[in-house]
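Asks: First the structure, then my questions, so here it is.
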Amino acid sequence: MKIYKAAIIGLGPSGLAVNKILYGDSSNEVIAFDNEDINKRDNYFGFWLTDWMKPFENIIEKKWYRWTIGNKNINIIHNSIDKPYCVISFKKWKNFCLETKNKLEIKNKKVAKYFPIKNFFKVITDDNTEYYAEKIYDSRSTKEKKGELLQHFYGINITVPDNTFNKNELTLMYFTGEKNLLHFMYILPFSHNKALVESTVFSKDIFNNSWYREKIYKYLNEKNIIEFKETGEEKGIIPMFMAAEKNSSSPNVFNIGIRGGACKPSTGYAFSFLIKQIQLLKYSKKNSVNIHKFLERKMDKIFINFLKNNNEDGQSFIKLASNLNGNEFQSFMMGDSNLLTKFKIIKSMPKIPFIKELFK
Ligand SMILES: Cc1cc2nc3c(=O)[nH]c(=O)nc-3n(C[C@H](O)[C@H](O)[C@H](O)COP(=O)(O)OP(=O)(O)OC[C@H]3O[C@@H](n4cnc5c(N)ncnc54)[C@H](O)[C@@H]3O)c2cc1C
């Protein structure tokens, strides 16, 4: 009976990070399961270049030192010289994380259950095969929950005639002012003629692809981008609630990624946080680590409750962006803001609804 050093359940970005960061330099034998074909997945993960992301600088697809937040009436421009907005593609992350010294066996199978026997675990896949491992890294997560807010989005990669986009400026949030719905466009201009154009919604229910497509076409039309060729698409749902599962009582079971609480629910950013989580786990003796600080978590909760209970059209984000400079804004998004920035954030928020949420 073969006992692997570790079993990774799910080879999304966090499962891949476990292979690279925790086992990449060892000669251990690791097994990983994913019920999907990970070679078919590709999308871009955005983040600001925090210190913990610097080791991955050479796989960054593109950096933007300037980003905008606004609507048809206002355009806030943020700059940051040392903390640019960056993207890494899933494909690059996957290839980087699979290039290791350890021996990784990947099974395209669904894990049905696992449980401890003696001092290791038995993992059973849905074809009833049994595998054994000393440690479990579990990244299966609940992305939707009735009555809870979700960030859902659909984007297309397009090629357009020359010099259509300003490749140095990223549109982080362009609020379109939908009635009773928080909707914005997110544009990643990779070059003067290539971009990802994404329609994003914060709401409790998700929509059909055609809904987002309509918004994308409308936006492109407004920007006079009539001629374009589609080269790909990405879509997703990110929980805007605390999606972390309870920590396991077994010290050798690790909840990772969104399942391990990596997502910052108020923004949907998770990629850089799940990497931070695995980096912290490397030096921790526990099976869980605190990725988001107490005050950040508290502020996130208040903000999400505010979004849930109020018809927000983007004005709060625009006000927040206008009261902060680029560095302060990125520190808020990356959960690393200092007290002065926190004070500015609180000051930017609509007072009465926020005070109500604070005392709930
Ligand atoms: C299209 C898209 C774009 C995103 N963009 C950004 C971004 O720009 N910035 C950012 O910070 N975050 C972004 N996110 C959010 C977040 O970073 C991702 O959701 C990320 O994939 C979370 O990684 P994870 O490893 O926690 O989970 P997942 O990526 O969901 O990986 C879990 C894996 O487990 C597999 N699995 C599930 N159940 C089983 C089972 N029973 N047996 C075996 N395998 C199983 C799944 O197939 C999946 O591959 C994005 C998300 C999506 C979907």
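To be explicit about the labels: the chains of the structure tokens are called A, B, and onward in the order shown, and within each one the residues are counted from 1, while ligands get numbers from 1 in the order they are shown.
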Using only C-alpha atoms and all ligand atoms, what table do you get, as a tab-separated table, when you list each residue of chain A with an atom no more than 6 Å from ligand 1, its nearest pair of atoms, and their distance in Å rounded to one decimal, rows by chain then rising number?

Replies:
residue	atom	partner	partner_atom_place_in_ligand_line	distance
A:Ile9	CA	ligand 1	43 (C)	5.2
A:Gly10	CA	ligand 1	34 (O)	3.1
A:Leu11	CA	ligand 1	49 (O)	5.0
A:Gly12	CA	ligand 1	31 (O)	3.4
A:Pro13	CA	ligand 1	25 (O)	4.3
A:Ser14	CA	ligand 1	25 (O)	3.7
A:Gly15	CA	ligand 1	25 (O)	5.5
A:Phe33	CA	ligand 1	43 (C)	4.9
A:Asp34	CA	ligand 1	44 (N)	3.4
A:Asn35	CA	ligand 1	44 (N)	4.5
A:Glu36	CA	ligand 1	47 (O)	4.8
A:Asn43	CA	ligand 1	1 (C)	5.3
A:Tyr44	CA	ligand 1	8 (O)	5.7
A:Phe45	CA	ligand 1	8 (O)	3.5
A:Gly46	CA	ligand 1	8 (O)	3.6
A:Phe47	CA	ligand 1	9 (N)	5.7
A:Lys109	CA	ligand 1	43 (C)	5.9
A:Lys110	CA	ligand 1	42 (N)	3.5
A:Val111	CA	ligand 1	42 (N)	3.8
A:Ala112	CA	ligand 1	41 (N)	5.8
A:Ser139	CA	ligand 1	32 (C)	5.1
A:Arg140	CA	ligand 1	37 (C)	4.4
A:Glu234	CA	ligand 1	1 (C)	5.1
A:Lys235	CA	ligand 1	1 (C)	4.6
A:Gly236	CA	ligand 1	53 (C)	3.8
A:Ile237	CA	ligand 1	53 (C)	5.8
A:Ile238	CA	ligand 1	15 (C)	5.8
A:Gly257	CA	ligand 1	26 (O)	3.2
A:Ile258	CA	ligand 1	26 (O)	3.9
A:Tyr269	CA	ligand 1	11 (O)	3.3
A:Ala270	CA	ligand 1	11 (O)	3.7
A:Phe271	CA	ligand 1	17 (O)	3.7
A:Ser272	CA	ligand 1	11 (O)	5.7

Asks: Let's have the selection written as a PDB file, in the first residue's frame, with C-alpha atoms.

Replies:
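Contents of selection.pdb, as written:
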ATOM      1  CA  ILE A   9      -7.835  17.953  -3.334  1.00  0.00           C
ATOM      2  CA  GLY A  10      -8.415  20.411  -6.168  1.00  0.00           C
ATOM      3  CA  LEU A  11      -5.718  21.793  -8.441  1.00  0.00           C
ATOM      4  CA  GLY A  12      -6.945  25.369  -8.611  1.00  0.00           C
ATOM      5  CA  PRO A  13      -4.413  28.093  -7.724  1.00  0.00           C
ATOM      6  CA  SER A  14      -4.236  27.095  -4.030  1.00  0.00           C
ATOM      7  CA  GLY A  15      -3.721  23.365  -4.659  1.00  0.00           C
ATOM      8  CA  PHE A  33      -7.061  15.181  -7.560  1.00  0.00           C
ATOM      9  CA  ASP A  34      -9.251  17.411  -9.693  1.00  0.00           C
ATOM     10  CA  ASN A  35     -12.526  16.353 -11.229  1.00  0.00           C
ATOM     11  CA  GLU A  36     -12.070  18.962 -13.996  1.00  0.00           C
ATOM     12  CA  ASN A  43      -8.214  33.097 -16.803  1.00  0.00           C
ATOM     13  CA  TYR A  44      -6.363  36.077 -15.391  1.00  0.00           C
ATOM     14  CA  PHE A  45      -5.784  36.710 -11.688  1.00  0.00           C
ATOM     15  CA  GLY A  46      -5.289  40.361 -10.728  1.00  0.00           C
ATOM     16  CA  PHE A  47      -3.567  41.711  -7.616  1.00  0.00           C
ATOM     17  CA  LYS A 109     -11.009  12.244 -10.478  1.00  0.00           C
ATOM     18  CA  LYS A 110     -13.534  13.517  -7.990  1.00  0.00           C
ATOM     19  CA  VAL A 111     -12.783  12.917  -4.323  1.00  0.00           C
ATOM     20  CA  ALA A 112     -15.862  11.486  -2.641  1.00  0.00           C
ATOM     21  CA  SER A 139      -9.581  23.285  -1.606  1.00  0.00           C
ATOM     22  CA  ARG A 140     -13.193  22.265  -2.343  1.00  0.00           C
ATOM     23  CA  GLU A 234     -13.662  33.798 -18.791  1.00  0.00           C
ATOM     24  CA  LYS A 235     -16.423  33.653 -16.251  1.00  0.00           C
ATOM     25  CA  GLY A 236     -16.725  33.064 -12.566  1.00  0.00           C
ATOM     26  CA  ILE A 237     -18.522  33.346  -9.286  1.00  0.00           C
ATOM     27  CA  ILE A 238     -16.733  34.485  -6.152  1.00  0.00           C
ATOM     28  CA  GLY A 257      -7.730  28.703  -0.870  1.00  0.00           C
ATOM     29  CA  ILE A 258     -11.286  30.028  -0.670  1.00  0.00           C
ATOM     30  CA  TYR A 269      -9.853  39.222  -4.465  1.00  0.00           C
ATOM     31  CA  ALA A 270      -8.449  35.846  -3.445  1.00  0.00           C
ATOM     32  CA  PHE A 271      -5.474  34.907  -5.613  1.00  0.00           C
ATOM     33  CA  SER A 272      -2.668  36.760  -3.840  1.00  0.00           C
TER      34      SER A 272
END

Asks: Please identify every residue of region 16-106 of chain A that has at least one atom no farther than 10 Å from an atom of region 190-193 of chain A, counting only C-alpha atoms, and for each give the shortest atom pair and the distance in Å to one decimal, arranged by chain then increasing number, as JSON lines.

Replies:
{"residue": "A:Glu61", "atom": "CA", "partner": "A:Phe190", "partner_atom": "CA", "distance": 8.6}
{"residue": "A:Lys62", "atom": "CA", "partner": "A:Phe190", "partner_atom": "CA", "distance": 7.0}
{"residue": "A:Lys63", "atom": "CA", "partner": "A:Phe190", "partner_atom": "CA", "distance": 9.1}
{"residue": "A:Trp64", "atom": "CA", "partner": "A:Phe190", "partner_atom": "CA", "distance": 9.4}
{"residue": "A:Val87", "atom": "CA", "partner": "A:Phe190", "partner_atom": "CA", "distance": 10.0}

Asks: Name the residues in contact with Asn209 (chain A) at a cut-off of 12 Å, using only C-alpha atoms, excluding same-chain residues fewer than 4 positions from it; report them as a PDB file with C-alpha atoms, in the first residue's frame.

Replies:
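Wrote it out as selection.pdb, contents follow:
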ATOM      1  CA  HIS A 152     -20.266  37.133 -10.687  1.00  0.00           C
ATOM      2  CA  PHE A 153     -18.708  38.052 -13.972  1.00  0.00           C
ATOM      3  CA  TYR A 154     -18.229  37.191 -17.603  1.00  0.00           C
ATOM      4  CA  GLY A 155     -15.528  38.601 -19.826  1.00  0.00           C
ATOM      5  CA  ILE A 156     -14.295  38.315 -23.383  1.00  0.00           C
ATOM      6  CA  GLU A 198     -15.469  42.012 -18.344  1.00  0.00           C
ATOM      7  CA  SER A 199     -18.942  42.682 -16.987  1.00  0.00           C
ATOM      8  CA  THR A 200     -19.138  42.237 -13.188  1.00  0.00           C
ATOM      9  CA  ARG A 213     -22.595  39.970 -23.168  1.00  0.00           C
ATOM     10  CA  GLU A 214     -25.241  42.606 -23.746  1.00  0.00           C
ATOM     11  CA  LYS A 215     -23.514  44.896 -21.209  1.00  0.00           C
ATOM     12  CA  ILE A 216     -20.127  44.277 -22.834  1.00  0.00           C
ATOM     13  CA  GLU A 233     -13.687  34.198 -22.554  1.00  0.00           C
ATOM     14  CA  GLU A 234     -13.662  33.798 -18.791  1.00  0.00           C
ATOM     15  CA  LYS A 235     -16.423  33.653 -16.251  1.00  0.00           C
ATOM     16  CA  GLY A 236     -16.725  33.064 -12.566  1.00  0.00           C
TER      17      GLY A 236
END

Asks: Tell me, as a short mmCIF file (atom, residue, chain, number, x, y, z; two decimals) with C-alpha atoms, in the first residue's frame, which residues lie within 12 Å of Lys218 (chain A), counting only C-alpha atoms; anything in the same chain fewer than 6 positions away does not count.

Replies:
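around-v9.cif, freshly written:
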data_model
loop_
_atom_site.label_atom_id
_atom_site.label_comp_id
_atom_site.auth_asym_id
_atom_site.auth_seq_id
_atom_site.Cartn_x
_atom_site.Cartn_y
_atom_site.Cartn_z
CA THR A 176 -22.68 51.62 -15.64
CA MET A 185 -16.94 47.00 -16.37
CA VAL A 197 -13.46 43.29 -21.28
CA GLU A 198 -15.47 42.01 -18.34
CA SER A 199 -18.94 42.68 -16.99
CA TRP A 211 -26.93 39.26 -19.94
CA TYR A 212 -23.24 40.09 -19.43
CA ASN A 224 -16.93 53.42 -30.34
CA ILE A 225 -15.34 49.98 -30.48
CA ILE A 226 -17.44 48.45 -33.22
#

Asks: If DSSP is run on the backbone, what residues of region 154-316 of chain A are alpha helix (DSSP H)? A reply as an MDAnalysis selection string would be ideal.

Replies: chainID A and resid 209:222 271:282 294:309 315:316

Asks: I need the chosen residues saved as a PDB file, in the first residue's frame, with C-alpha atoms.

Replies:
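Final output, saved to part12.pdb:
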ATOM      1  CA  ASN A 209     -24.089  34.680 -20.267  1.00  0.00           C
ATOM      2  CA  SER A 210     -26.227  36.704 -22.680  1.00  0.00           C
ATOM      3  CA  TRP A 211     -26.933  39.264 -19.943  1.00  0.00           C
ATOM      4  CA  TYR A 212     -23.241  40.093 -19.429  1.00  0.00           C
ATOM      5  CA  ARG A 213     -22.595  39.970 -23.168  1.00  0.00           C
ATOM      6  CA  GLU A 214     -25.241  42.606 -23.746  1.00  0.00           C
ATOM      7  CA  LYS A 215     -23.514  44.896 -21.209  1.00  0.00           C
ATOM      8  CA  ILE A 216     -20.127  44.277 -22.834  1.00  0.00           C
ATOM      9  CA  TYR A 217     -21.454  45.103 -26.312  1.00  0.00           C
ATOM     10  CA  LYS A 218     -23.189  48.225 -24.989  1.00  0.00           C
ATOM     11  CA  TYR A 219     -19.982  49.404 -23.313  1.00  0.00           C
ATOM     12  CA  LEU A 220     -17.880  48.725 -26.424  1.00  0.00           C
ATOM     13  CA  ASN A 221     -20.420  50.552 -28.545  1.00  0.00           C
ATOM     14  CA  GLU A 222     -20.337  53.567 -26.207  1.00  0.00           C
ATOM     15  CA  PHE A 271      -5.474  34.907  -5.613  1.00  0.00           C
ATOM     16  CA  SER A 272      -2.668  36.760  -3.840  1.00  0.00           C
ATOM     17  CA  PHE A 273      -4.231  35.953  -0.438  1.00  0.00           C
ATOM     18  CA  LEU A 274      -4.289  32.240  -1.094  1.00  0.00           C
ATOM     19  CA  ILE A 275      -0.608  32.418  -2.004  1.00  0.00           C
ATOM     20  CA  LYS A 276       0.075  34.321   1.217  1.00  0.00           C
ATOM     21  CA  GLN A 277      -1.847  31.596   3.063  1.00  0.00           C
ATOM     22  CA  ILE A 278       0.352  28.814   1.667  1.00  0.00           C
ATOM     23  CA  GLN A 279       3.496  30.862   2.353  1.00  0.00           C
ATOM     24  CA  LEU A 280       2.364  31.307   5.979  1.00  0.00           C
ATOM     25  CA  LEU A 281       1.481  27.618   6.307  1.00  0.00           C
ATOM     26  CA  LYS A 282       5.028  26.718   5.314  1.00  0.00           C
ATOM     27  CA  PHE A 294      -9.067  41.278  12.611  1.00  0.00           C
ATOM     28  CA  LEU A 295      -9.906  44.919  11.801  1.00  0.00           C
ATOM     29  CA  GLU A 296      -9.897  44.254   8.056  1.00  0.00           C
ATOM     30  CA  ARG A 297     -12.316  41.348   8.569  1.00  0.00           C
ATOM     31  CA  LYS A 298     -14.588  43.496  10.713  1.00  0.00           C
ATOM     32  CA  MET A 299     -14.616  46.341   8.161  1.00  0.00           C
ATOM     33  CA  ASP A 300     -15.267  43.859   5.358  1.00  0.00           C
ATOM     34  CA  LYS A 301     -18.269  42.447   7.187  1.00  0.00           C
ATOM     35  CA  ILE A 302     -19.782  45.888   7.736  1.00  0.00           C
ATOM     36  CA  PHE A 303     -19.188  46.838   4.112  1.00  0.00           C
ATOM     37  CA  ILE A 304     -20.776  43.640   2.793  1.00  0.00           C
ATOM     38  CA  ASN A 305     -23.832  44.057   5.009  1.00  0.00           C
ATOM     39  CA  PHE A 306     -24.110  47.605   3.725  1.00  0.00           C
ATOM     40  CA  LEU A 307     -23.978  46.339   0.111  1.00  0.00           C
ATOM     41  CA  LYS A 308     -26.541  43.643   0.916  1.00  0.00           C
ATOM     42  CA  ASN A 309     -29.039  46.006   2.472  1.00  0.00           C
ATOM     43  CA  GLN A 315     -21.066  55.876  -5.575  1.00  0.00           C
ATOM     44  CA  SER A 316     -19.473  54.512  -2.373  1.00  0.00           C
TER      45      SER A 316
END

Asks: Please report, as a count of residues only, each residue of region 48-274 of chain A to which DSSP assigns strand (DSSP E) when run on this structure's backbone.

Replies: 97

Asks: Between A:Met242, A:Asn157, A:Met173, A:Glu148, single out the one closest to Asp205 (chain A), counting only C-alpha atoms.

Replies: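 The closest residue to Asp205 (chain A) is A:Glu148.
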
Asks: Using only C-alpha atoms, I'd like a table of the residues in region 64-179 of chain A that come within 10 Å of region 318-321 of chain A; for each, show the closest atom pair and its distance in Å rounded to one decimal, ordered by chain and ascending number, as a tab-separated table.

Replies:
residue	atom	partner	partner_atom	distance
A:Thr68	CA	A:Ala321	CA	9.0
A:Ile69	CA	A:Ile318	CA	6.4
A:Gly70	CA	A:Ile318	CA	5.9
A:Asn71	CA	A:Ile318	CA	8.3
A:Ile74	CA	A:Ile318	CA	8.4
A:Asn75	CA	A:Ile318	CA	8.6
A:Ile76	CA	A:Ala321	CA	6.8
A:Ile77	CA	A:Ala321	CA	8.6
A:His78	CA	A:Ala321	CA	8.1
A:Met173	CA	A:Ile318	CA	8.9
A:Tyr174	CA	A:Ile318	CA	9.4
A:Phe175	CA	A:Ile318	CA	8.9

Asks: Only N, CA and C atoms, please: the residues just picked out, written as a short mmCIF file (atom, residue, chain, number, x, y, z; two decimals), in the first residue's frame.

Replies:
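Just written: selection08.cif:
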data_model
loop_
_atom_site.label_atom_id
_atom_site.label_comp_id
_atom_site.auth_asym_id
_atom_site.auth_seq_id
_atom_site.Cartn_x
_atom_site.Cartn_y
_atom_site.Cartn_z
N THR A 68 -8.15 53.29 -13.22
CA THR A 68 -9.24 54.27 -13.06
C THR A 68 -10.47 53.62 -12.44
N ILE A 69 -11.22 54.47 -11.73
CA ILE A 69 -12.50 54.05 -11.13
C ILE A 69 -13.48 55.18 -11.42
N GLY A 70 -14.64 54.87 -11.94
CA GLY A 70 -15.56 55.97 -12.23
C GLY A 70 -16.87 55.52 -12.84
N ASN A 71 -17.54 56.49 -13.44
CA ASN A 71 -18.77 56.22 -14.18
C ASN A 71 -18.82 57.23 -15.33
N ILE A 74 -17.66 60.78 -13.91
CA ILE A 74 -16.44 61.03 -13.14
C ILE A 74 -15.41 59.92 -13.42
N ASN A 75 -14.16 60.33 -13.43
CA ASN A 75 -13.10 59.34 -13.68
C ASN A 75 -11.95 59.61 -12.70
N ILE A 76 -11.80 58.74 -11.70
CA ILE A 76 -10.73 58.91 -10.71
C ILE A 76 -9.51 58.14 -11.22
N ILE A 77 -8.38 58.81 -11.25
CA ILE A 77 -7.15 58.13 -11.71
C ILE A 77 -6.23 57.91 -10.51
N HIS A 78 -5.80 56.67 -10.34
CA HIS A 78 -4.84 56.33 -9.29
C HIS A 78 -3.52 55.91 -9.92
N MET A 173 -12.84 49.76 -12.31
CA MET A 173 -14.29 49.72 -12.12
C MET A 173 -14.91 50.89 -12.88
N TYR A 174 -15.72 50.57 -13.88
CA TYR A 174 -16.49 51.61 -14.56
C TYR A 174 -17.95 51.26 -14.33
N PHE A 175 -18.58 52.00 -13.40
CA PHE A 175 -19.96 51.69 -13.01
C PHE A 175 -20.92 52.17 -14.09
#

Asks: As an exercise, work out the distance from CA of Glu57 (chain A) to CA of Asn290 (chain A) in Å and give it to one decimal place.

Replies: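 Atom-to-atom, CA of Glu57 (chain A) and CA of Asn290 (chain A) are spaced 24.1 Å apart.
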
Asks: List the spatial neighbours of Tyr65 (chain A) as a list of chain:residue names - criterion: any atom at most 9 Å away, only C-alpha atoms, same-chain residues fewer than 2 positions off excluded.

Replies: A:Lys63, A:Trp67, A:His78, A:Asn79, A:Ser80, A:Ile81, A:Asp82, A:Lys83, A:Pro84, A:Tyr85, A:Cys86, A:Asn168, A:Glu169, A:Leu170

Asks: For a test of reading the model, state the distance in Å between CA of Ser322 (chain A) and CA of Asp51 (chain A), rounded to one decimal.

Replies: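 Pair CA of Ser322 (chain A) / CA of Asp51 (chain A) returns 25.2 Å.
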